[in-house]
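A short write-up of the structure that comes next.
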Amino acid sequence: MIDVDPESDTFGKWLADFPLPPTLVSHHMYFNNDRTKIYITALGDAVLHVLDITRVPYRLKAVPAPECQISENMAFSADGTRFYVACLGSNNVLVGDAITDLPLTTIDLPEPHPHGIAVHDGIGRLLVSSSNSPDFSFIGDTITAIDLATMEPTGTYRVSNEPSPAKVGPAFILFLPGHEPPVAFVNNFAARSLLAAQWDPEKKDFAVQQIFEFGEAEHAFPIAMDFSAARDRMYLATSQPGSFHIFDTSGGVLQPVLIKTLTTAPGAHHFAITADERYAVVQNGLINFPGMNDGAITVIDLRAEEVAGQIDTLKDAGLTNNDIILLPPWNRPLGG
Amino acid sequence: MKYLALSVVALAAAAVLEPAKAEILAMVLYETKAEDSLQSLKLGGGPGARREGIAILDVDPESETFGAWLADYPLPPTLVSHHIYYNNDRSKAYVTALGDSLFHVLDMTRVPYRLKAIEVPACKVSENIVFSADGARFYMTCLESQNLLVGDPATALPIDYIDLPEPYPHGIAIHEGIDRMLVTSTNSTDMSYLGETFTAFEFSTLKPLNSYKTSNEPSPSRAAPAAILFRDKADPPFAVVNNWAAGTAWIAIWDPVAEGFAVQQIFDFAEIGHEFRRCPYLC
């Protein structure tokens, strides 16, 4: 737990620590809907961790989930009673009870190696990307829609205009909250491209289109993204060489215009935006890949659209980082 | 119905105040083991790997999480944290240190707890801390700088430093009912000096009054009195002093007529085979 406010006297200070098993390879953190618990996925052990933040000190609980190997991204149902985990190693989705934190069932998938996952209860759909095998011998090029009511796949959509196998590597998926018609954004980490899957309410189906592509050998590994609440800005991090990109979306979220690229550090991966949208806090570390595991944390001033500060606390301790979230009251859900 | 209502309120209050079942939490000051220990345990270590911190552990043997390391508050790796003391209302914990001339204050009213480092270059090798009954002052023994730090718990800042008639203070105890503060003279950091006295101060003025020897052997007996503890509610008041090198416990009984202490040995650990083994530390 680190103070990331560049205006604070204790900026960069490591305030507290909650130890995890050294074999875990923790990967991502997700708040439940009421932000009382944080779920932690893992690439190493087949275990989810749940951090109860209503107690002092916070309490970590390990939940064994042997049916879910290499847990990646998570999403929650709108009523907060179910969680869904993309299990990249076991090629399935784990459905769990977000009250007891226990696994309930799994969903088999038509395409392997799920990574990104997003839920839209309004249209009753779950989207899952087919990303990559752990050894990268397989790199996918599709997303699959699942009917939340039946847990059955309803369609698989290619996220590349190239012939199969395009090996584009769709990873992160984000349904933009409140947008009509519903639209999900998908980042292809290998193809360095961004696509949108827009819901057609009449056909009850998605139409996929590419809306941005980074140029050759420029910025690689786009993964996490977010939007301003006013929807006039889109933000995206790329891990190589390590950047934070600001897009103007005032002309529409499907027409992003890259207006600024800020250098962070190798491995720029996830970022968290403060509730007041003053800062974006970027963690620079992508699954401990050599050259993409810098370990610094970069704070971006979103008003000035400049780097406001860098935290080397973990880096100086010989550590890298895998994910970052802000605690309440600074936390803000994706999409604002 | 009035009593019933009060009972319900009392039960509700008890439920709120009762700690979670089967869990007893403790704060533990920890540091990386000494290099020879790491080698004997075949563990890694070496420069840069040293760690220090405050670990919160579940120490309830009946708990499912007995022994679990719940949380960690990192301390500087050069600190050599030593002791931890609550202030009177237990809202803050003070951490003394043998390495850096710093003490730390852990504010336990915030989530997560917040650690603040207070630089005290005039207090070297901070040992024990006591608080005044009203909580308005704290007193910290500074073994290496051979003085006593008087501080303000409200700001956590030093107010004054008191010189001492005997060197290397370690244990400290206050009894405001008899207006006395006792400070032991224990040992230099290289152990070349081992004390044999504690000194009584008039607490209201912080003036030294008398020093008392805690050994029946000829001086220098090198008995090394360390911890000192008042039995607050005893009448007459008394304090117990442990001589760590001599392996003995002494008692200092207050004489209200003479306004002084009568000291005597009350236990010798050699009697139960727990005498201090001087080697390899003092041979």
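Each chain of the structure tokens is named A, B, ... in the order shown, its residues numbered from 1; ligands are numbered from 1 in display order.
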Check: which chain B residues lie within 6 Å of chain A using only C-alpha atoms, as a CSV table (one decimal) with C-alpha atoms, in the first residue's frame:
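Everything below was put into part.csv:
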chain,number,residue,atom,x,y,z
B,71,ALA,CA,-0.1,-7.3,7.6
B,72,ASP,CA,3.3,-5.7,7.5
B,73,TYR,CA,4.5,-2.1,8.2
Segment 228-239 of chain B environment, 12 Å, only C-alpha atoms, sequence neighbours closer than 6 positions dropped, as a PyMOL selection string:
chain B and resi 128-130+133+169-186+197-200+214+249-257+259-266
Save the residues we just selected, C-alpha atoms, as a PDB file, in the first residue's frame?
ATOM      1  CA  ASN B 128      12.632   1.903  26.936  1.00  0.00           C
ATOM      2  CA  ILE B 129       9.722   4.388  27.099  1.00  0.00           C
ATOM      3  CA  VAL B 130       7.251   5.312  29.828  1.00  0.00           C
ATOM      4  CA  ALA B 133      -0.201   9.258  34.029  1.00  0.00           C
ATOM      5  CA  PRO B 169      20.381   4.130  30.847  1.00  0.00           C
ATOM      6  CA  HIS B 170      18.065   1.315  29.827  1.00  0.00           C
ATOM      7  CA  GLY B 171      15.097   0.518  32.091  1.00  0.00           C
ATOM      8  CA  ILE B 172      12.762   3.287  33.212  1.00  0.00           C
ATOM      9  CA  ALA B 173       9.719   3.359  35.489  1.00  0.00           C
ATOM     10  CA  ILE B 174       7.492   6.093  36.918  1.00  0.00           C
ATOM     11  CA  HIS B 175       5.432   6.220  40.103  1.00  0.00           C
ATOM     12  CA  GLU B 176       3.674   9.568  40.311  1.00  0.00           C
ATOM     13  CA  GLY B 177       2.122   8.701  43.675  1.00  0.00           C
ATOM     14  CA  ILE B 178       5.547   8.965  45.306  1.00  0.00           C
ATOM     15  CA  ASP B 179       6.895  11.467  42.738  1.00  0.00           C
ATOM     16  CA  ARG B 180       9.705   9.187  41.606  1.00  0.00           C
ATOM     17  CA  MET B 181      11.207   8.018  38.326  1.00  0.00           C
ATOM     18  CA  LEU B 182      13.737   5.160  38.315  1.00  0.00           C
ATOM     19  CA  VAL B 183      16.363   4.626  35.601  1.00  0.00           C
ATOM     20  CA  THR B 184      18.785   1.698  35.416  1.00  0.00           C
ATOM     21  CA  SER B 185      22.435   1.938  34.361  1.00  0.00           C
ATOM     22  CA  THR B 186      22.901  -1.194  32.335  1.00  0.00           C
ATOM     23  CA  THR B 197      22.818   0.759  39.849  1.00  0.00           C
ATOM     24  CA  PHE B 198      19.528   2.436  39.252  1.00  0.00           C
ATOM     25  CA  THR B 199      18.963   6.097  39.952  1.00  0.00           C
ATOM     26  CA  ALA B 200      15.886   7.642  41.546  1.00  0.00           C
ATOM     27  CA  THR B 214      21.575  -3.835  42.816  1.00  0.00           C
ATOM     28  CA  ALA B 249      15.981 -10.138  40.361  1.00  0.00           C
ATOM     29  CA  TRP B 250      15.954  -7.338  42.938  1.00  0.00           C
ATOM     30  CA  ILE B 251      13.248  -5.424  44.661  1.00  0.00           C
ATOM     31  CA  ALA B 252      13.286  -1.746  45.617  1.00  0.00           C
ATOM     32  CA  ILE B 253      10.711  -1.042  48.352  1.00  0.00           C
ATOM     33  CA  TRP B 254       9.637   2.524  49.012  1.00  0.00           C
ATOM     34  CA  ASP B 255      10.105   3.776  52.560  1.00  0.00           C
ATOM     35  CA  PRO B 256       7.574   6.606  52.965  1.00  0.00           C
ATOM     36  CA  VAL B 257       9.262   7.875  56.141  1.00  0.00           C
ATOM     37  CA  GLU B 259      11.504   8.824  51.303  1.00  0.00           C
ATOM     38  CA  GLY B 260      13.988   6.412  49.830  1.00  0.00           C
ATOM     39  CA  PHE B 261      14.184   2.813  48.594  1.00  0.00           C
ATOM     40  CA  ALA B 262      15.402  -0.281  50.401  1.00  0.00           C
ATOM     41  CA  VAL B 263      16.857  -2.760  47.888  1.00  0.00           C
ATOM     42  CA  GLN B 264      17.366  -6.490  48.223  1.00  0.00           C
ATOM     43  CA  GLN B 265      17.800  -9.526  46.018  1.00  0.00           C
ATOM     44  CA  ILE B 266      14.679 -11.651  45.732  1.00  0.00           C
TER      45      ILE B 266
END
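The smallest atom-to-atom distance between Thr298 of chain A and any of A:Ala237, A:Leu102, A:Val63, A:Ile223, using only C-alpha atoms, is found for A:Ala237.
Compared by their closest atoms to Gly178 of chain A, and using only C-alpha atoms, the residues A:Ala280, A:Glu162, A:Thr142, A:Leu334 rank with A:Leu334 nearest.
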Residues within 12 Å of Phe212 of chain A, only C-alpha atoms, excluding chain neighbours under 3 positions, as a VMD selection string
chain A and resid 160 185 to 188 191 to 196 209 215 222 234 236 247 249 253 to 258
Neighbour list for His82 of chain B as number ranges by chain, cut-off 7 Å, only C-alpha atoms, skip fewer than 3 positions in-chain
B: 95-98, 127
Go through segment 30-169 of chain B and collect every residue that DSSP, computed from the backbone, puts in strand (DSSP E or B); the answer should be as a PyMOL selection string.
chain B and resi 30-31+52-58+69-75+81-86+92-97+102-107+114-119+126-131+138-142+147-152+157-163+169
Spatial neighbours of Val105 of chain B, 7 Å, only C-alpha atoms, chain gap at least 3 places, as an MDAnalysis selection string
chainID B and resid 92:95 115:117
For the selection you just gave me, I'd like the residues written to a file as a CSV table (one decimal), in the first residue's frame, keeping N, CA and C atoms.
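Generated file (out-v2.csv):
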chain,number,residue,atom,x,y,z
B,92,LYS,N,-1.6,5.1,19.7
B,92,LYS,CA,-0.3,5.2,19.0
B,92,LYS,C,0.6,4.2,19.7
B,93,ALA,N,1.5,3.6,18.8
B,93,ALA,CA,2.6,2.8,19.3
B,93,ALA,C,3.9,3.4,19.0
B,94,TYR,N,4.8,3.5,20.0
B,94,TYR,CA,6.1,4.1,19.8
B,94,TYR,C,7.1,2.9,19.6
B,95,VAL,N,8.0,3.1,18.7
B,95,VAL,CA,9.0,2.1,18.4
B,95,VAL,C,10.4,2.7,18.6
B,115,LEU,N,2.9,5.2,9.8
B,115,LEU,CA,4.2,5.3,10.6
B,115,LEU,C,4.8,6.6,10.3
B,116,LYS,N,5.3,7.3,11.4
B,116,LYS,CA,6.0,8.6,11.3
B,116,LYS,C,7.3,8.4,11.9
B,117,ALA,N,8.4,8.8,11.2
B,117,ALA,CA,9.8,8.7,11.8
B,117,ALA,C,10.1,10.1,12.4
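Between atom CA of Ile324 of chain A and atom CA of Asp226 of chain A there is a distance of 13.7 Å.
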At a cut-off of 9 Å, using only C-alpha atoms, what residues contact Tyr84 of chain A? Leave out same-chain residues fewer than 3 positions from it and give the result as a PDB file with C-alpha atoms, in the first residue's frame.
ATOM      1  CA  ASN A  73      -9.272 -11.010 -15.559  1.00  0.00           C
ATOM      2  CA  MET A  74     -12.467 -10.836 -13.510  1.00  0.00           C
ATOM      3  CA  ALA A  75     -15.893  -9.301 -13.909  1.00  0.00           C
ATOM      4  CA  PHE A  76     -18.935  -9.094 -11.639  1.00  0.00           C
ATOM      5  CA  SER A  77     -22.659  -9.308 -12.284  1.00  0.00           C
ATOM      6  CA  VAL A  93     -14.433 -19.346 -17.184  1.00  0.00           C
ATOM      7  CA  LEU A  94     -14.880 -19.827 -13.454  1.00  0.00           C
ATOM      8  CA  VAL A  95     -18.233 -18.651 -12.074  1.00  0.00           C
ATOM      9  CA  GLY A  96     -18.167 -17.882  -8.365  1.00  0.00           C
ATOM     10  CA  ILE A 117     -13.670 -10.699 -19.678  1.00  0.00           C
ATOM     11  CA  ALA A 118     -16.520  -8.208 -19.501  1.00  0.00           C
ATOM     12  CA  VAL A 119     -20.141  -8.437 -18.426  1.00  0.00           C
TER      13      VAL A 119
END
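Between atom CA of Asp5 of chain A and atom CA of Trp330 of chain A lies a distance of 10.3 Å.
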